[in-house]
Amino acid sequence: MGYLIALLVVILAFLGAPVFTLIGAGSIYLFAGAQIDSSAVIVEMLRLASLPALIAIPLFTFSGYMLAESKAPQRMLALAEALFGTLPGGLAIVALFTTALFTAFTGASGVTIIALGGLLYPMLSKQGYPEKFTLGLLTTTGSLGLLFPPSLPIILYGIVAKIDIDKLFKAGLLPGALLLAVLSVYAFFTARKAGVKRIPFSFAALKKAARDIIWELPLPFVIIGGIYAGLFTASEAASVMAAYVLVTEVFIYKDLDLFRDIPRVAVKSMLLVGAIFMVLGTALGFTNYIIDAQIPDRIFAWLHAFVSSKVLFLILLNAFLLVINMIEIFSAIIIVVPIIVPVAAQYGIDPVHLGIIFLLNLEIGYMTPPLGLNLFLSSSRFNAKLPTLYRATLPFMLILLGMLALVTYLPALSLIGG
């Protein structure tokens with residue numbers, strides 16, 4: 001009977017049934033089979049509502065959507081181009097850092113490709129960057145900021161794994177910065193090989209760009225700096241950011257109208273948040289069953305019989321995470337994390353270190369053929385065929401996989417800030 005139920009769930013998933021209904025129904029069925037009242041699932045929804053860190057998700061998401069709907073992306077690009085465009089490969093490096101920052105604030109890869117990709121693609125093409133490099137760069141940059149605060153996947157991972165979110169924010173800084181540095185070096189040599197001309201430095205352009213973005217410029221320093229300095233928690237940072245962005249975009253820049261645009265942005269952002277909360281609430285009930293049934297212990301016992309080496313376990317874990325994160329991102333965090341955290345702990349892997357491994361796999365999963373979300377978004381946004389994007393992203397994927405190996409086998413990169 002259990003196998004039939006599992007098969008039915010898989011069929012319904014492929015037919016497009018909402019994930020939360022499948023998880024919730026599956027949890028109720030499993031608890032009923034164990035003769036435990038189904039209220040065990042509902043209790044987790046109530047517990048979820050009382051988590052202090054939960055408020056950070058809607059506030060950061062709302063802030064990110066306001067930034068995306070305003071003219072902030074254009075102002076960010078103008079300043080970055082004025083500062084770094086004169087360097088060899090400067091515009092590509094500008095694209096890397098701008099999109100990483102934007103993804104960190106919006107938490108959604110699709111928003112970055114749609115909002116910034118359309119601006120950067122003609123700029124990179126006009127300056128002479130190879131088409132293949134441009135497509136690969138913009139497809140990759142859609143998920144580069146996931147290791148930096150206030151990234152939504154970091155917050156979700158912390159809630160599900162029951163880890164201090166501020167520790168995860170600090171742990172992701174060095175690996176994220178190193179990844180951007182390596183990609184910048186690749187962009188530098190690509191631009192030099194292609195004979196890309198530098199953008200002449202203009203003090204007037206820099207002055208104008210700085211003046212235009214003067215009110216938004218402090219935002220990353222206040223939010224990211226405040227978290228790292230311990231001035232406020234992730235939840236407090238979310239409140240500060242939401243208030244600051246609202247005042248800046250509505251009353252100072254007037255890019256958004258308080259009565260016409262803000263309600264629309266709020267509804268749009270909360271649709272995403274609501275979907276996440278529905279899955280999160282039912283998945284935590286499912287997690288209770290996993291713990292009660294001692295499934296992680298059983299998995300470890302089975303694995304340990306064949307995989308006694310921590311190194312081999314990490315190789316298998318990365319392969320598993322790449323596949324899972326390619327298929328379904330938020331569900332992967334919510335469902336898979338409660339299983340792998342206790343198993344990895346028995347192999348002596350720090351849960352914070354595991355979090356950075358997971359999140360870096362998430363970045364790569366966005367661009368992994370054939371189902372990576374960035375590939376489909378780029379295909380639509382830049383009118384490029386998927387096989388073309390597969391080839392274009394290959395060099396970038398190799399760089400990300402190299403960084404994944406470093407982060408996996410050098411835990412100090414993740415734990416040095418903790």
# chains A, B, ... in the order shown; residues from 1 in each chain; ligands from 1
call {"tool": "residues_around", "arguments": {"residues": "Ala332 of chain A", "least_positions_apart": "5", "cutoff": "12 Å", "atoms": "only C-alpha atoms", "output": "list of chain:residue names"}}
result
A:Val19, A:Pro153, A:Leu156, A:Tyr157, A:Val160, A:Ile276, A:Val279, A:Leu280, A:Ala283, A:Phe320, A:Leu321, A:Leu322, A:Val323, A:Ile324, A:Asn325, A:Met326, A:Ile327, A:Val337, A:Pro338, A:Ile339, A:Ile340, A:Phe358, A:Leu359, A:Asn361, A:Leu362, A:Gly365
call {"tool": "residues_around", "arguments": {"residues": "segment 378-390 of chain A", "least_positions_apart": "4", "cutoff": "8 Å", "atoms": "only C-alpha atoms", "output": "list in words"}}
result
Ile113, Ile114, Gly117, Gly118, Lys132, Leu135, Gly136, Leu138, Thr139, Pro369, Asn374 and Leu394 of chain A
call {"tool": "write_last_selection", "arguments": {"atoms": "N, CA and C atoms", "output": "mmCIF file, in the first residue's frame"}}
result
data_model
loop_
_atom_site.group_PDB
_atom_site.id
_atom_site.type_symbol
_atom_site.label_atom_id
_atom_site.label_comp_id
_atom_site.auth_asym_id
_atom_site.auth_seq_id
_atom_site.Cartn_x
_atom_site.Cartn_y
_atom_site.Cartn_z
ATOM 1 N N ILE A 113 17.751 38.329 -13.596
ATOM 2 C CA ILE A 113 17.923 38.159 -15.042
ATOM 3 C C ILE A 113 16.975 39.077 -15.813
ATOM 4 N N ILE A 114 15.757 39.190 -15.340
ATOM 5 C CA ILE A 114 14.770 40.013 -16.044
ATOM 6 C C ILE A 114 15.070 41.501 -15.878
ATOM 7 N N GLY A 117 19.427 41.746 -16.635
ATOM 8 C CA GLY A 117 19.914 41.095 -17.854
ATOM 9 C C GLY A 117 19.590 41.889 -19.100
ATOM 10 N N GLY A 118 18.370 42.419 -19.143
ATOM 11 C CA GLY A 118 17.962 43.203 -20.305
ATOM 12 C C GLY A 118 18.768 44.479 -20.474
ATOM 13 N N LYS A 132 28.939 34.247 -26.759
ATOM 14 C CA LYS A 132 28.915 33.073 -25.885
ATOM 15 C C LYS A 132 29.242 33.465 -24.441
ATOM 16 N N LEU A 135 26.244 35.535 -22.841
ATOM 17 C CA LEU A 135 25.117 34.688 -22.440
ATOM 18 C C LEU A 135 25.460 33.869 -21.202
ATOM 19 N N GLY A 136 26.664 33.307 -21.179
ATOM 20 C CA GLY A 136 27.087 32.512 -20.021
ATOM 21 C C GLY A 136 27.177 33.344 -18.758
ATOM 22 N N LEU A 138 25.590 36.258 -18.012
ATOM 23 C CA LEU A 138 24.294 36.730 -17.517
ATOM 24 C C LEU A 138 23.436 35.585 -16.986
ATOM 25 N N THR A 139 23.583 34.400 -17.542
ATOM 26 C CA THR A 139 22.857 33.245 -17.013
ATOM 27 C C THR A 139 23.382 32.867 -15.642
ATOM 28 N N PRO A 369 22.160 22.001 -16.596
ATOM 29 C CA PRO A 369 21.270 21.384 -17.593
ATOM 30 C C PRO A 369 20.716 20.059 -17.070
ATOM 31 N N ASN A 374 17.702 29.179 -14.365
ATOM 32 C CA ASN A 374 18.344 30.284 -15.077
ATOM 33 C C ASN A 374 18.397 30.043 -16.587
ATOM 34 N N LEU A 394 29.079 26.513 -19.628
ATOM 35 C CA LEU A 394 30.019 25.471 -19.210
ATOM 36 C C LEU A 394 31.265 26.017 -18.498
#
call {"tool": "residues_around", "arguments": {"residues": "Val273 of chain A", "least_positions_apart": "5", "cutoff": "12 Å", "atoms": "only C-alpha atoms", "output": "list in words"}}
result
Leu54, Ile55, Ala56, Ile57, Pro58, Leu59, Phe60, Thr61, Phe62, Tyr65, Gly107, Ala108, Leu152, Leu156, Ala266, Val267, Lys268, Met278, Val279, Leu280, Gly281 and Phe330 of chain A
call {"tool": "write_last_selection", "arguments": {"atoms": "N, CA and C atoms", "output": "compact mmCIF listing (two decimals), in the first residue's frame"}}
result
# COMPACT_ATOMS: atom_id res chain seq x y z
N LEU A 54 10.99 34.52 11.33
CA LEU A 54 10.07 34.35 10.19
C LEU A 54 9.73 35.68 9.52
N ILE A 55 9.65 36.74 10.31
CA ILE A 55 9.25 38.05 9.77
C ILE A 55 10.25 38.55 8.75
N ALA A 56 11.49 38.05 8.80
CA ALA A 56 12.52 38.51 7.86
C ALA A 56 12.17 38.14 6.42
N ILE A 57 11.49 37.02 6.21
CA ILE A 57 11.20 36.56 4.85
C ILE A 57 10.28 37.53 4.11
N PRO A 58 9.08 37.86 4.64
CA PRO A 58 8.23 38.79 3.88
C PRO A 58 8.82 40.19 3.76
N LEU A 59 9.52 40.67 4.78
CA LEU A 59 10.06 42.02 4.72
C LEU A 59 11.19 42.14 3.70
N PHE A 60 12.13 41.17 3.71
CA PHE A 60 13.21 41.20 2.72
C PHE A 60 12.66 41.02 1.30
N THR A 61 11.68 40.13 1.15
CA THR A 61 11.10 39.89 -0.17
C THR A 61 10.39 41.14 -0.69
N PHE A 62 9.62 41.78 0.16
CA PHE A 62 8.92 43.01 -0.21
C PHE A 62 9.92 44.10 -0.60
N TYR A 65 11.47 43.32 -4.05
CA TYR A 65 10.54 43.56 -5.15
C TYR A 65 10.37 45.06 -5.40
N GLY A 107 16.57 38.05 -3.67
CA GLY A 107 16.41 36.65 -3.30
C GLY A 107 15.81 35.80 -4.38
N ALA A 108 15.64 36.33 -5.57
CA ALA A 108 15.00 35.57 -6.65
C ALA A 108 15.81 35.71 -7.92
N LEU A 152 17.34 35.16 0.68
CA LEU A 152 16.19 34.40 1.16
C LEU A 152 16.52 32.92 1.41
N LEU A 156 15.86 30.73 4.89
CA LEU A 156 15.08 29.49 4.90
C LEU A 156 15.90 28.33 5.44
N ALA A 266 3.29 44.77 -3.18
CA ALA A 266 3.06 43.98 -1.97
C ALA A 266 2.36 42.66 -2.31
N VAL A 267 1.34 42.73 -3.14
CA VAL A 267 0.61 41.51 -3.53
C VAL A 267 1.53 40.56 -4.29
N LYS A 268 2.30 41.11 -5.22
CA LYS A 268 3.20 40.30 -6.04
C LYS A 268 4.24 39.58 -5.19
N MET A 278 3.40 28.12 2.90
CA MET A 278 2.55 26.93 2.83
C MET A 278 3.39 25.66 2.77
N VAL A 279 4.43 25.70 1.94
CA VAL A 279 5.32 24.53 1.84
C VAL A 279 6.08 24.34 3.14
N LEU A 280 6.56 25.45 3.71
CA LEU A 280 7.34 25.38 4.94
C LEU A 280 6.53 24.81 6.09
N GLY A 281 5.28 25.27 6.23
CA GLY A 281 4.43 24.80 7.33
C GLY A 281 4.16 23.32 7.26
N PHE A 330 13.20 25.72 -3.53
CA PHE A 330 12.72 25.95 -2.17
C PHE A 330 12.27 24.64 -1.51
call {"tool": "closest_residue", "arguments": {"among": "A:Ser151, A:Leu46, A:Phe169, A:Gly285", "to": "Tyr29 of chain A", "atoms": "only C-alpha atoms"}}
result
A:Gly285
call {"tool": "residues_around", "arguments": {"residues": "Val111 of chain A", "least_positions_apart": "5", "cutoff": "8 Å", "atoms": "only C-alpha atoms", "output": "number ranges by chain"}}
result
A: 68, 103, 106
call {"tool": "residues_around", "arguments": {"residues": "Leu404 of chain A", "least_positions_apart": "3", "cutoff": "10 Å", "atoms": "only C-alpha atoms", "output": "ChimeraX atom specification"}}
result
/A:175,179,318,356-361,364,398-401,407-410
call {"tool": "closest_atom_pairs", "arguments": {"of": "segment 74-176 of chain A", "to": "segment 206-214 of chain A", "cutoff": "8 Å", "atoms": "only C-alpha atoms", "output": "tab-separated table"}}
result
residue	atom	partner	partner_atom	distance
A:Arg75	CA	A:Ile213	CA	5.9
A:Met76	CA	A:Ile213	CA	7.2
A:Ala78	CA	A:Ala209	CA	5.7
A:Leu79	CA	A:Ala209	CA	4.9
A:Ala82	CA	A:Leu206	CA	5.0
A:Leu83	CA	A:Leu206	CA	6.7
call {"tool": "write_last_selection", "arguments": {"atoms": "C-alpha atoms", "output": "PDB file, in the first residue's frame"}}
result
ATOM      1  CA  ARG A  75      21.296  53.626 -11.002  1.00  0.00           C
ATOM      2  CA  MET A  76      23.391  50.764  -9.617  1.00  0.00           C
ATOM      3  CA  ALA A  78      25.529  53.557 -13.875  1.00  0.00           C
ATOM      4  CA  LEU A  79      27.615  53.968 -10.715  1.00  0.00           C
ATOM      5  CA  ALA A  82      31.543  54.841 -13.898  1.00  0.00           C
ATOM      6  CA  LEU A  83      33.781  53.355 -11.180  1.00  0.00           C
TER       7      LEU A  83
END
call {"tool": "residues_around", "arguments": {"residues": "Ile199 of chain A", "least_positions_apart": "5", "cutoff": "9 Å", "atoms": "only C-alpha atoms", "output": "MDAnalysis selection string"}}
result
chainID A and resid 81:82 84:88 90:91 127
call {"tool": "write_last_selection", "arguments": {"atoms": "N, CA and C atoms", "output": "compact mmCIF listing (two decimals), in the first residue's frame"}}
result
# COMPACT_ATOMS: atom_id res chain seq x y z
N GLU A 81 29.52 51.18 -13.49
CA GLU A 81 30.20 51.38 -14.76
C GLU A 81 31.15 52.58 -14.69
N ALA A 82 30.70 53.65 -14.03
CA ALA A 82 31.54 54.84 -13.90
C ALA A 82 32.79 54.56 -13.06
N PHE A 84 34.22 51.29 -12.40
CA PHE A 84 35.07 50.16 -12.80
C PHE A 84 35.11 49.92 -14.31
N GLY A 85 34.33 50.66 -15.08
CA GLY A 85 34.27 50.41 -16.52
C GLY A 85 35.59 50.61 -17.23
N THR A 86 36.47 51.43 -16.68
CA THR A 86 37.76 51.70 -17.32
C THR A 86 38.76 50.56 -17.15
N LEU A 87 38.49 49.62 -16.24
CA LEU A 87 39.38 48.47 -16.03
C LEU A 87 39.24 47.48 -17.18
N PRO A 88 40.29 46.68 -17.48
CA PRO A 88 40.14 45.61 -18.47
C PRO A 88 39.07 44.62 -18.01
N GLY A 90 36.17 45.53 -17.35
CA GLY A 90 35.45 46.27 -16.31
C GLY A 90 33.95 46.10 -16.34
N LEU A 91 33.35 46.15 -17.55
CA LEU A 91 31.91 46.05 -17.63
C LEU A 91 31.42 44.67 -17.19
N GLN A 127 30.05 46.60 -26.40
CA GLN A 127 31.46 46.83 -26.09
C GLN A 127 32.37 45.78 -26.72
call {"tool": "select_by_dssp", "arguments": {"residues": "segment 17-59 of chain A", "states": "alpha helix (DSSP H)", "output": "number ranges by chain"}}
result
A: 19-33, 39-49, 56-59
call {"tool": "residues_around", "arguments": {"residues": "Val341 of chain A", "least_positions_apart": "6", "cutoff": "8 Å", "atoms": "only C-alpha atoms", "output": "PyMOL selection string"}}
result
chain A and resi 161+351+354
call {"tool": "closest_residue", "arguments": {"among": "A:Phe148, A:Phe201, A:Tyr244, A:Phe188", "to": "Ile227 of chain A", "atoms": "only C-alpha atoms"}}
result
A:Phe148
call {"tool": "closest_residue", "arguments": {"among": "A:Ile416, A:Ala229, A:Leu67, A:Ile154", "to": "Leu168 of chain A", "atoms": "only C-alpha atoms"}}
result
A:Ile154
call {"tool": "closest_residue", "arguments": {"among": "A:Ala49, A:Leu101, A:Leu271, A:Leu4", "to": "Ile224 of chain A", "atoms": "only C-alpha atoms"}}
result
A:Leu101
call {"tool": "atom_distance", "arguments": {"atom1": "atom CA of Asp255 of chain A", "atom2": "atom CA of Ser70 of chain A"}}
result
5.3 Å
call {"tool": "decode", "arguments": {"residues": "segment 284-301 of chain A", "atoms": "N, CA and C atoms", "output": "mmCIF file, in the first residue's frame"}}
result
data_model
loop_
_atom_site.group_PDB
_atom_site.id
_atom_site.type_symbol
_atom_site.label_atom_id
_atom_site.label_comp_id
_atom_site.auth_asym_id
_atom_site.auth_seq_id
_atom_site.Cartn_x
_atom_site.Cartn_y
_atom_site.Cartn_z
ATOM 1 N N LEU A 284 7.483 21.152 7.777
ATOM 2 C CA LEU A 284 7.956 20.986 9.152
ATOM 3 C C LEU A 284 7.201 19.863 9.864
ATOM 4 N N GLY A 285 5.923 19.686 9.508
ATOM 5 C CA GLY A 285 5.189 18.533 10.033
ATOM 6 C C GLY A 285 5.780 17.238 9.511
ATOM 7 N N PHE A 286 6.139 17.226 8.233
ATOM 8 C CA PHE A 286 6.795 16.059 7.635
ATOM 9 C C PHE A 286 8.133 15.793 8.314
ATOM 10 N N THR A 287 8.845 16.865 8.664
ATOM 11 C CA THR A 287 10.124 16.731 9.362
ATOM 12 C C THR A 287 9.942 16.043 10.714
ATOM 13 N N ASN A 288 8.854 16.379 11.408
ATOM 14 C CA ASN A 288 8.578 15.714 12.693
ATOM 15 C C ASN A 288 8.481 14.210 12.530
ATOM 16 N N TYR A 289 7.798 13.778 11.465
ATOM 17 C CA TYR A 289 7.679 12.335 11.229
ATOM 18 C C TYR A 289 9.054 11.732 10.950
ATOM 19 N N ILE A 290 9.859 12.438 10.149
ATOM 20 C CA ILE A 290 11.205 11.945 9.816
ATOM 21 C C ILE A 290 12.030 11.719 11.081
ATOM 22 N N ILE A 291 11.918 12.678 12.004
ATOM 23 C CA ILE A 291 12.681 12.566 13.261
ATOM 24 C C ILE A 291 12.119 11.451 14.134
ATOM 25 N N ASP A 292 10.787 11.413 14.273
ATOM 26 C CA ASP A 292 10.157 10.370 15.101
ATOM 27 C C ASP A 292 10.455 8.971 14.584
ATOM 28 N N ALA A 293 10.496 8.827 13.265
ATOM 29 C CA ALA A 293 10.752 7.515 12.668
ATOM 30 C C ALA A 293 12.244 7.202 12.583
ATOM 31 N N GLN A 294 13.089 8.141 13.055
ATOM 32 C CA GLN A 294 14.551 7.966 13.077
ATOM 33 C C GLN A 294 15.109 7.666 11.679
ATOM 34 N N ILE A 295 14.536 8.320 10.679
ATOM 35 C CA ILE A 295 14.977 8.089 9.302
ATOM 36 C C ILE A 295 16.423 8.531 9.070
ATOM 37 N N PRO A 296 16.851 9.708 9.591
ATOM 38 C CA PRO A 296 18.273 10.070 9.404
ATOM 39 C C PRO A 296 19.224 9.033 9.989
ATOM 40 N N ASP A 297 18.886 8.463 11.155
ATOM 41 C CA ASP A 297 19.744 7.439 11.759
ATOM 42 C C ASP A 297 19.808 6.199 10.870
ATOM 43 N N ARG A 298 18.685 5.847 10.297
ATOM 44 C CA ARG A 298 18.654 4.676 9.413
ATOM 45 C C ARG A 298 19.471 4.923 8.144
ATOM 46 N N ILE A 299 19.338 6.137 7.606
ATOM 47 C CA ILE A 299 20.110 6.483 6.411
ATOM 48 C C ILE A 299 21.600 6.438 6.714
ATOM 49 N N PHE A 300 21.985 6.988 7.887
ATOM 50 C CA PHE A 300 23.397 6.974 8.261
ATOM 51 C C PHE A 300 23.901 5.541 8.431
ATOM 52 N N ALA A 301 23.107 4.702 9.092
ATOM 53 C CA ALA A 301 23.512 3.303 9.293
ATOM 54 C C ALA A 301 23.716 2.604 7.952
#
